[in-house]
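Below is one structure, written out as structure tokens; comments come after it.
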Amino acid sequence: MNSFDSSNGEEMSIDSAAQTNSLASVASAHTAARQPGNAPMGSGLEARGIHAWFGKHHALENVSLDFASGTVTALIGPSGCGKSTFIRTLNRMHEFIPSAAMAGEVLLDGKDIYSKGTDVTKIRLQIGMVFQKPNPFPSMTIGENVLSGLKLAQLKMSNKEDLMQECLERAGLWNEVKDRLGAHAGGLSGGQQQRLCIARALAVKPKVLLMDEPCSALDPGSTLRIEDTIGQLAQTMTIIIVTHNMQQAARVSDYTAFFLSEGGPGNMIEVGPTNEMFSRPRDQRTENYVSGRFG
Amino acid sequence: MTTKPAAPAPREITTKPRLSDRIFRGTVTGVGMLSLAILTLIGLFLALRGFQTFKTEGFHFITGVKWESVTSDSGKVTNNFGVGAMLIGTVLIAAVALVVGVPLSVLTALFLTFYAPERIKKFMVSVVDLMAAFPSILYGLWGFFILMPMVQYWAGLLYEYLRWIPIFNAPQPFFERSPFVAGMVLAIMIIPIVTSVSREIFAQTPLDRIQAAYALGATKWGMIKAVVFPFGSSGVVGGAMLGLGRAFGETVAVFTVLNIVFKVNFHILYGFGGNVASMIILKWGEAVGDETKALLAAGFILFVLTLLVNMLANFIVKRTLKSGK
Amino acid sequence: MTLETPVVVEPQRPWKATPRELAPTGYLLLASAFASWAVVAATPMKGKLAYAFLFFVFGTASLSINKGRKLGRSAAVDSIAGSVAMTGAFLVFLPVASILFTTIQKGVKGLHWTLFSQTMFTASYSDPISKGGLLHALVGTLYLILISVIVSVPMGILTALYLTEIKGPGSNFIQFIVQAMSGVPSVVAGLFIFASIIVTTPVKASAIAGAFALSILMIPTVTRTAQEVLLLVPMDLREAGQALGATQWKTVATIVVPAARNGLITATILGVARIAGETAPLLFTIGGSDKLNWNPFKDYQGALPFYVWKGLLLGTPESIQRAWTGILVLLILVLVLFILARTLGGRKMKSK
């Protein structure tokens, strides 16, 4: 029933996933549509048969992926393979492009976020996002930036200071900015700004955090700090990170999915535990890519 | 001891432009400078011709409210020229125009940039551009015959319910050809420029900030408040000032709908007011000698006023547009 | 297993509202219209203004409450903001519709053929409109446009070339000056030509003096539009020209300007549209003759805006009718220019 043939893709057993990474409680990945009811409780996010179009251009074809809570999944692949498009369908940012269209379902705790009557703003509160370029609000102070999500969504906040500190600590920025929370965010370095954006995304307590090449605009030092932060955050939330950098994928992720476009729309070629993907990929194309033969 | 070899002097890369290019560059530069020359000449000539008035009237020309040239029986001419009432009227009418026109323009710009479907957007952009192309005498004619009766009715309502606010009071309920009517016509006339500047600025809002706001669960309005307004507000102020410059300088339309009287009137609903530009054409027909010079002096003041407002406005708009890049 | 035909997945836009989801909006607006009618009928609030205001209040409130009930407070506020923005745009649309409607409605009554074959030399403005015509004004306006184009278009385009091709240290400054010049009030342009040319030179009030005044207003418009289209010509076209050894002059003349040709024509048309209806500068510079004058360099000249102006000032029913008819002719001229500029500009966009 799916055009993407999955008959030879083995399902990973829950046990092997647990062995691979102690942080990962449960993880499974599928290339075929999954039987309802099989999903483990609180499985977080599940994409089923996602297609994406920009006008007539078919950008992404039939991607199904499962993201278990408490895991970090890296999406890798050469430019133009649809991985950024895919991540943007997961919190409905895809629809801001006027000609965009999609097909498929994205289930958050079993509910399709594209179903009629869904409040898209509430979806984006649960599935946060960090972008390629650090984009703090320059008109706000550091502290205001952290709390901006609550203000935007008009959520009540009881303990502003505590929340601000907690988020900044989790983003690994607290020590650097605790004395200047009232300063404008524009004065921070690029890496600090990106961590501020992470803190801002955390303040609304999302279940899932999407990161679209969060380190591509940063220097190596800042990149390492952000990778540390990702490791910390993964204990409490689901993280999906798009990256061009295979070392980064290997360092931070529990699972890796490889995307590729061979002329036509982008496909997901293979998904598996990160160490297997890099040591013994099943698909020849994946092997070519991870061994640096193209891309 | 060895001497250090001298660092090579940088070689200048020059190509001597060919004759045709030198002529081209010279012509184009010369013509480019002509705009500056024209602008300078405008100021120079008006100041020169109005010089005598400035000399005899002094500062009183700005503050005085009378405009009269009396010839006594003995043939002696006594002049008393002052544009004070006209300046106050100009500012008052422009203020009405801004208060009404700017919010409408900003709303329209917001609607066009963030709300309107593509087709309606195209249509409305044409409508706003067409508004800019309408001759001002058309606004005057339409304002006098169509808008004024309506505005008189609105003025009546304001007078009835808000009279306790001093500017909405009036000695008598006489609302024809008032500053309020003129301000309403001007409000419509400044909408195109304020809307197009605001639209240009809103469209420059950095996309990554817009996305950041949406990704944090903002509604469209939440995003506009958090991102678009902080980014664009100063540019909109610049756009409003460009509108102010237009409102200061508009002549024919205001002349048609305003009852010009040389007397200060702060009651915007009440049926008389002042306006420098319109006063010039009102008095031009009958003016001779000194009065013509006084009118040229008034033109100079109008020129300086609009020039300053426009320069400041352009500076602000440009700075905002740059900050988005 | 049976053979399955591959399922073709259709692109969907689940975020777009379906007709079914839009229906409540329609119902609520209908209900608001009914409620405003009921309130106007039942209370002392009367008039069109009351209908419009109540409909706006009821419509905005009911849509907002509907949204808020489903999606919460911020969605309710968002709905109000959307309604207000749309209402603002609609309020901007209204005067344009009204202006077009009244001008046509009032102006058409006075249209007749002799309008274009006679002048006001033998008729008075307070005569019935069937007597006399506006041929002199039409000729005057065409002269004014022609001379203004001859003066402003070369100057505007050359200035634009200076701003885009030379980019010297002065170009930022000149840019600033051009912007300042576009804010010069039209009355000041007229006064300046009077003070500089009519007073001091042998050129007296005539079409050419009027055209000089109009050129001051037209040059910045042409410059700014021309600059925009010249900037659209890709940089590599210029570099390609110069890499082939062409001089800058040759490159500009044979590559840049032809590439921007349609845009430059649009700039000219927009400039003409800007000045065609200007009245104030003419009051000081052309004399406002009622006689046909074929000599643009000498003697008083008439013009369409001046014709309208005279009719309006006189204030008799016949002269007002003349003003409306004159403004209709002027409006048609402006509309033709406007549509011409649009279609030319549109073609440029598509071919890009």
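In the structure tokens, chains take the letters A, B, ... in the order shown, each chain's residues start at 1, and ligands count up from 1 in the order shown.
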Exercise for the section: Give as an NGL selection string every residue of chain A that touches chain C within 6 Å, counting only C-alpha atoms. Expected result: :A and (101-103)
Once you count only C-alpha atoms, what closest atom pair and distance in Å to one decimal does each residue of chain B within 6 Å of chain A have, with rows by chain and rising residue number, as a Markdown table?
```
| residue | atom | partner | partner_atom | distance |
| --- | --- | --- | --- | --- |
| B:Arg209 | CA | A:Asn135 | CA | 5.8 |
| B:Ala215 | CA | A:Arg124 | CA | 5.6 |
| B:Leu216 | CA | A:Gly149 | CA | 5.1 |
| B:Gly217 | CA | A:Thr121 | CA | 4.2 |
| B:Ala218 | CA | A:Leu152 | CA | 5.1 |
| B:Gly222 | CA | A:Leu152 | CA | 5.5 |
```
Would you save the residues from that selection as a CSV table (one decimal), in the first residue's frame, using C-alpha atoms?
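Final file, out-v9.csv:
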```csv
chain,number,residue,atom,x,y,z
B,209,ARG,CA,12.1,36.6,13.3
B,215,ALA,CA,7.3,28.6,16.1
B,216,LEU,CA,6.7,29.8,19.6
B,217,GLY,CA,2.9,29.4,19.1
B,218,ALA,CA,2.1,33.0,18.2
B,222,GLY,CA,0.9,38.1,18.3
```
Problem - Close residues, B:Gly26 itself excluded, 12 Å, only C-alpha atoms, min 4 positions apart in chain, as JSON, numbers by chain - result: {"B": [17, 19, 20, 21, 22, 30, 31, 32, 33], "C": [158, 159, 161, 162, 166, 168, 249]}
Output N, CA and C atoms of each residue in that selection to a file, as a CSV table (one decimal), in the first residue's frame.
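Result file selection38.csv:
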```csv
chain,number,residue,atom,x,y,z
B,17,PRO,N,40.1,56.1,-18.6
B,17,PRO,CA,38.9,55.8,-19.4
B,17,PRO,C,39.0,56.5,-20.7
B,19,LEU,N,37.6,58.3,-24.2
B,19,LEU,CA,37.0,59.6,-24.3
B,19,LEU,C,35.4,59.4,-24.2
B,20,SER,N,34.9,58.4,-24.9
B,20,SER,CA,33.4,58.3,-24.9
B,20,SER,C,32.9,58.1,-23.4
B,21,ASP,N,33.7,57.3,-22.7
B,21,ASP,CA,33.3,57.1,-21.3
B,21,ASP,C,33.4,58.3,-20.4
B,22,ARG,N,34.5,59.1,-20.7
B,22,ARG,CA,34.6,60.3,-20.0
B,22,ARG,C,33.4,61.3,-20.2
B,30,GLY,N,26.9,65.4,-14.4
B,30,GLY,CA,26.4,66.8,-14.5
B,30,GLY,C,24.8,66.8,-14.3
B,31,VAL,N,24.1,66.0,-15.0
B,31,VAL,CA,22.7,66.0,-14.9
B,31,VAL,C,22.2,65.6,-13.5
B,32,GLY,N,23.0,64.6,-12.9
B,32,GLY,CA,22.7,64.2,-11.6
B,32,GLY,C,22.7,65.4,-10.6
B,33,MET,N,23.7,66.2,-10.9
B,33,MET,CA,23.9,67.4,-10.0
B,33,MET,C,22.8,68.4,-10.2
C,158,LEU,N,18.8,60.1,-17.1
C,158,LEU,CA,20.3,60.4,-16.9
C,158,LEU,C,20.6,60.4,-15.4
C,159,THR,N,19.7,61.1,-14.6
C,159,THR,CA,20.0,61.1,-13.2
C,159,THR,C,19.9,59.6,-12.6
C,161,LEU,N,20.7,57.0,-14.2
C,161,LEU,CA,21.9,56.3,-14.7
C,161,LEU,C,23.1,56.7,-13.8
C,162,TYR,N,23.1,58.0,-13.4
C,162,TYR,CA,24.1,58.4,-12.5
C,162,TYR,C,24.0,57.6,-11.2
C,166,ILE,N,27.2,55.0,-12.1
C,166,ILE,CA,28.4,55.7,-11.6
C,166,ILE,C,28.7,55.3,-10.2
C,168,GLY,N,29.1,57.1,-7.6
C,168,GLY,CA,30.2,57.8,-7.1
C,168,GLY,C,29.9,58.2,-5.6
C,249,TRP,N,30.1,53.4,-21.6
C,249,TRP,CA,29.0,54.1,-22.4
C,249,TRP,C,28.3,53.1,-23.3
```
Practice task
Point out the residue among B:Val102, B:Val96, B:Ile137, B:Leu207 with the least atom-to-atom distance to chain C, counting only C-alpha atoms.
Solution key: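 Going through B:Val102, B:Val96, B:Ile137, B:Leu207 one by one, the smallest distance to chain C is for B:Ile137.
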Practice task
List the neighbours of A:Gly190 out to 12 Å using only C-alpha atoms; skip same-chain residues closer than 4 positions along the sequence, and give me the result as a ChimeraX atom specification.
Solution key: /A:132-136,185-186,194-197,214-223,226
Dump as an mmCIF file, in the first residue's frame, selection limited to C-alpha atoms:
```
data_model
loop_
_atom_site.group_PDB
_atom_site.id
_atom_site.type_symbol
_atom_site.label_atom_id
_atom_site.label_comp_id
_atom_site.auth_asym_id
_atom_site.auth_seq_id
_atom_site.Cartn_x
_atom_site.Cartn_y
_atom_site.Cartn_z
ATOM 1 C CA GLN A 132 19.631 27.643 11.450
ATOM 2 C CA LYS A 133 20.385 31.281 12.102
ATOM 3 C CA PRO A 134 20.079 32.490 15.687
ATOM 4 C CA ASN A 135 16.995 34.704 15.719
ATOM 5 C CA PRO A 136 16.388 36.258 19.126
ATOM 6 C CA ALA A 185 19.840 40.199 23.156
ATOM 7 C CA GLY A 186 21.663 41.673 20.183
ATOM 8 C CA GLN A 194 21.525 30.355 19.622
ATOM 9 C CA ARG A 195 21.477 29.040 23.181
ATOM 10 C CA LEU A 196 19.147 31.893 24.069
ATOM 11 C CA CYS A 197 16.876 30.706 21.271
ATOM 12 C CA PRO A 214 21.321 24.762 14.716
ATOM 13 C CA CYS A 215 25.117 24.945 14.556
ATOM 14 C CA SER A 216 25.744 25.680 10.913
ATOM 15 C CA ALA A 217 26.225 29.388 11.571
ATOM 16 C CA LEU A 218 28.430 28.916 14.641
ATOM 17 C CA ASP A 219 32.099 28.465 15.445
ATOM 18 C CA PRO A 220 33.371 25.057 16.682
ATOM 19 C CA GLY A 221 33.471 26.136 20.345
ATOM 20 C CA SER A 222 29.873 27.256 20.350
ATOM 21 C CA THR A 223 28.926 24.124 18.421
ATOM 22 C CA ILE A 226 25.211 23.398 21.946
#
```
Practice task
Quick one: pull the distance between atom CA of C:Ala259 and atom CA of C:Gln242, Å, one decimal.
Solution key: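 Atom CA of C:Gln242 lies at a distance of 15.5 Å from atom CA of C:Ala259.
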Handout entry: Among the residues C:Ser32, C:Thr325, C:Asn293, C:Thr279, the one that comes closest to C:Pro185 [using only C-alpha atoms]
Key = C:Thr279
Practice task
Provide the atom CA of A:Val290 to atom CA of A:Ile240 distance in Å, to one decimal place.
Solution key: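 Spanning atom CA of A:Val290 to atom CA of A:Ile240 is a straight-line distance of 18.8 Å.
Between atom CA of C:Asp78 and atom CA of B:Thr108 there is a distance of 16.1 Å.
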Handout entry: Residue neighbourhood C:Ser206, 8 Å, only C-alpha atoms, exclusion window fewer than 3 positions, as a ChimeraX atom specification
Key = /C:203,209-210,285-287,296-301
Practice task
Return as JSON, numbers by chain the residues belonging to chain B that are within 6 Å of chain C, counting only C-alpha atoms.
Solution key: {"B": [21, 24, 28, 29, 31, 32, 42, 104, 107, 108, 111, 135, 221, 249, 299, 310, 311]}
Atoms kept (N, CA and C atoms) for selection, written as a tab-separated table (two decimals), in the first residue's frame:
```tsv
chain	number	residue	atom	x	y	z
B	21	ASP	N	33.74	57.31	-22.67
B	21	ASP	CA	33.33	57.06	-21.29
B	21	ASP	C	33.41	58.31	-20.44
B	24	PHE	N	30.44	60.30	-21.24
B	24	PHE	CA	29.26	59.68	-20.61
B	24	PHE	C	29.21	59.98	-19.12
B	28	VAL	N	26.35	62.33	-17.29
B	28	VAL	CA	25.46	61.74	-16.31
B	28	VAL	C	25.65	62.40	-14.94
B	29	THR	N	26.93	62.64	-14.59
B	29	THR	CA	27.19	63.28	-13.30
B	29	THR	C	26.63	64.70	-13.31
B	31	VAL	N	24.13	65.96	-15.04
B	31	VAL	CA	22.68	65.95	-14.93
B	31	VAL	C	22.25	65.56	-13.52
B	32	GLY	N	22.98	64.59	-12.95
B	32	GLY	CA	22.66	64.19	-11.58
B	32	GLY	C	22.73	65.37	-10.63
B	42	ILE	N	15.42	76.90	-6.18
B	42	ILE	CA	14.07	77.15	-5.66
B	42	ILE	C	14.16	77.96	-4.36
B	104	LEU	N	-5.49	54.25	9.21
B	104	LEU	CA	-6.09	53.53	8.07
B	104	LEU	C	-5.00	52.97	7.16
B	107	LEU	N	-3.25	49.99	8.87
B	107	LEU	CA	-4.12	48.81	8.82
B	107	LEU	C	-4.13	48.22	7.42
B	108	THR	N	-4.24	49.10	6.41
B	108	THR	CA	-4.26	48.60	5.03
B	108	THR	C	-2.94	47.90	4.71
B	111	PHE	N	-2.94	44.60	6.38
B	111	PHE	CA	-3.86	43.69	5.68
B	111	PHE	C	-3.21	43.18	4.40
B	135	PRO	N	-5.76	63.35	-9.68
B	135	PRO	CA	-5.36	64.75	-9.54
B	135	PRO	C	-5.93	65.35	-8.27
B	221	TRP	N	-1.56	38.01	14.90
B	221	TRP	CA	-1.52	39.29	15.59
B	221	TRP	C	-0.40	39.32	16.62
B	249	GLY	N	1.91	70.62	2.01
B	249	GLY	CA	2.06	71.27	0.71
B	249	GLY	C	0.83	71.23	-0.17
B	299	GLY	N	5.69	81.32	0.26
B	299	GLY	CA	6.10	80.12	-0.47
B	299	GLY	C	7.42	79.60	0.02
B	310	ASN	N	10.36	66.39	4.94
B	310	ASN	CA	10.65	65.31	4.00
B	310	ASN	C	12.02	64.69	4.21
B	311	MET	N	13.02	65.54	4.45
B	311	MET	CA	14.37	65.02	4.62
B	311	MET	C	14.44	64.13	5.85
```
Practice task
Could you give me, as a count of residues only, the residues within 12 Å of A:Phe278, counting only C-alpha atoms and dropping anything in the same chain fewer than 3 positions from it?
Solution key: 30
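Restricting the calculation to only C-alpha atoms, the smallest distance between C:Thr251 and any of C:Asn295, C:Thr266, C:Ile104, C:Met235 is found for C:Met235.
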Handout entry: Residue neighbourhood stretch 80-83 of chain B, 8 Å, only C-alpha atoms, exclusion window fewer than 3 positions, as a PyMOL selection string
Key = chain B and resi 57+60-69+86-87+276+294+298
For those residues, write C-alpha atoms to a file as a compact mmCIF listing (two decimals), in the first residue's frame.
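File part12.txt, as written:
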```txt
# COMPACT_ATOMS: atom_id res chain seq x y z
CA GLU B 57 7.94 92.38 8.55
CA HIS B 60 6.26 89.22 12.70
CA PHE B 61 5.81 87.58 9.30
CA ILE B 62 5.75 84.21 11.04
CA THR B 63 3.79 85.18 14.13
CA GLY B 64 1.43 87.81 12.77
CA VAL B 65 -2.10 86.80 11.91
CA LYS B 66 -3.19 89.73 9.75
CA TRP B 67 -2.83 89.95 5.99
CA GLU B 68 -3.70 93.39 4.75
CA SER B 69 -2.43 96.11 2.50
CA MET B 86 -2.12 80.12 8.25
CA LEU B 87 0.76 78.15 9.78
CA VAL B 276 -0.32 78.50 3.82
CA ALA B 294 4.95 88.56 0.59
CA ALA B 298 5.16 82.59 2.28
```
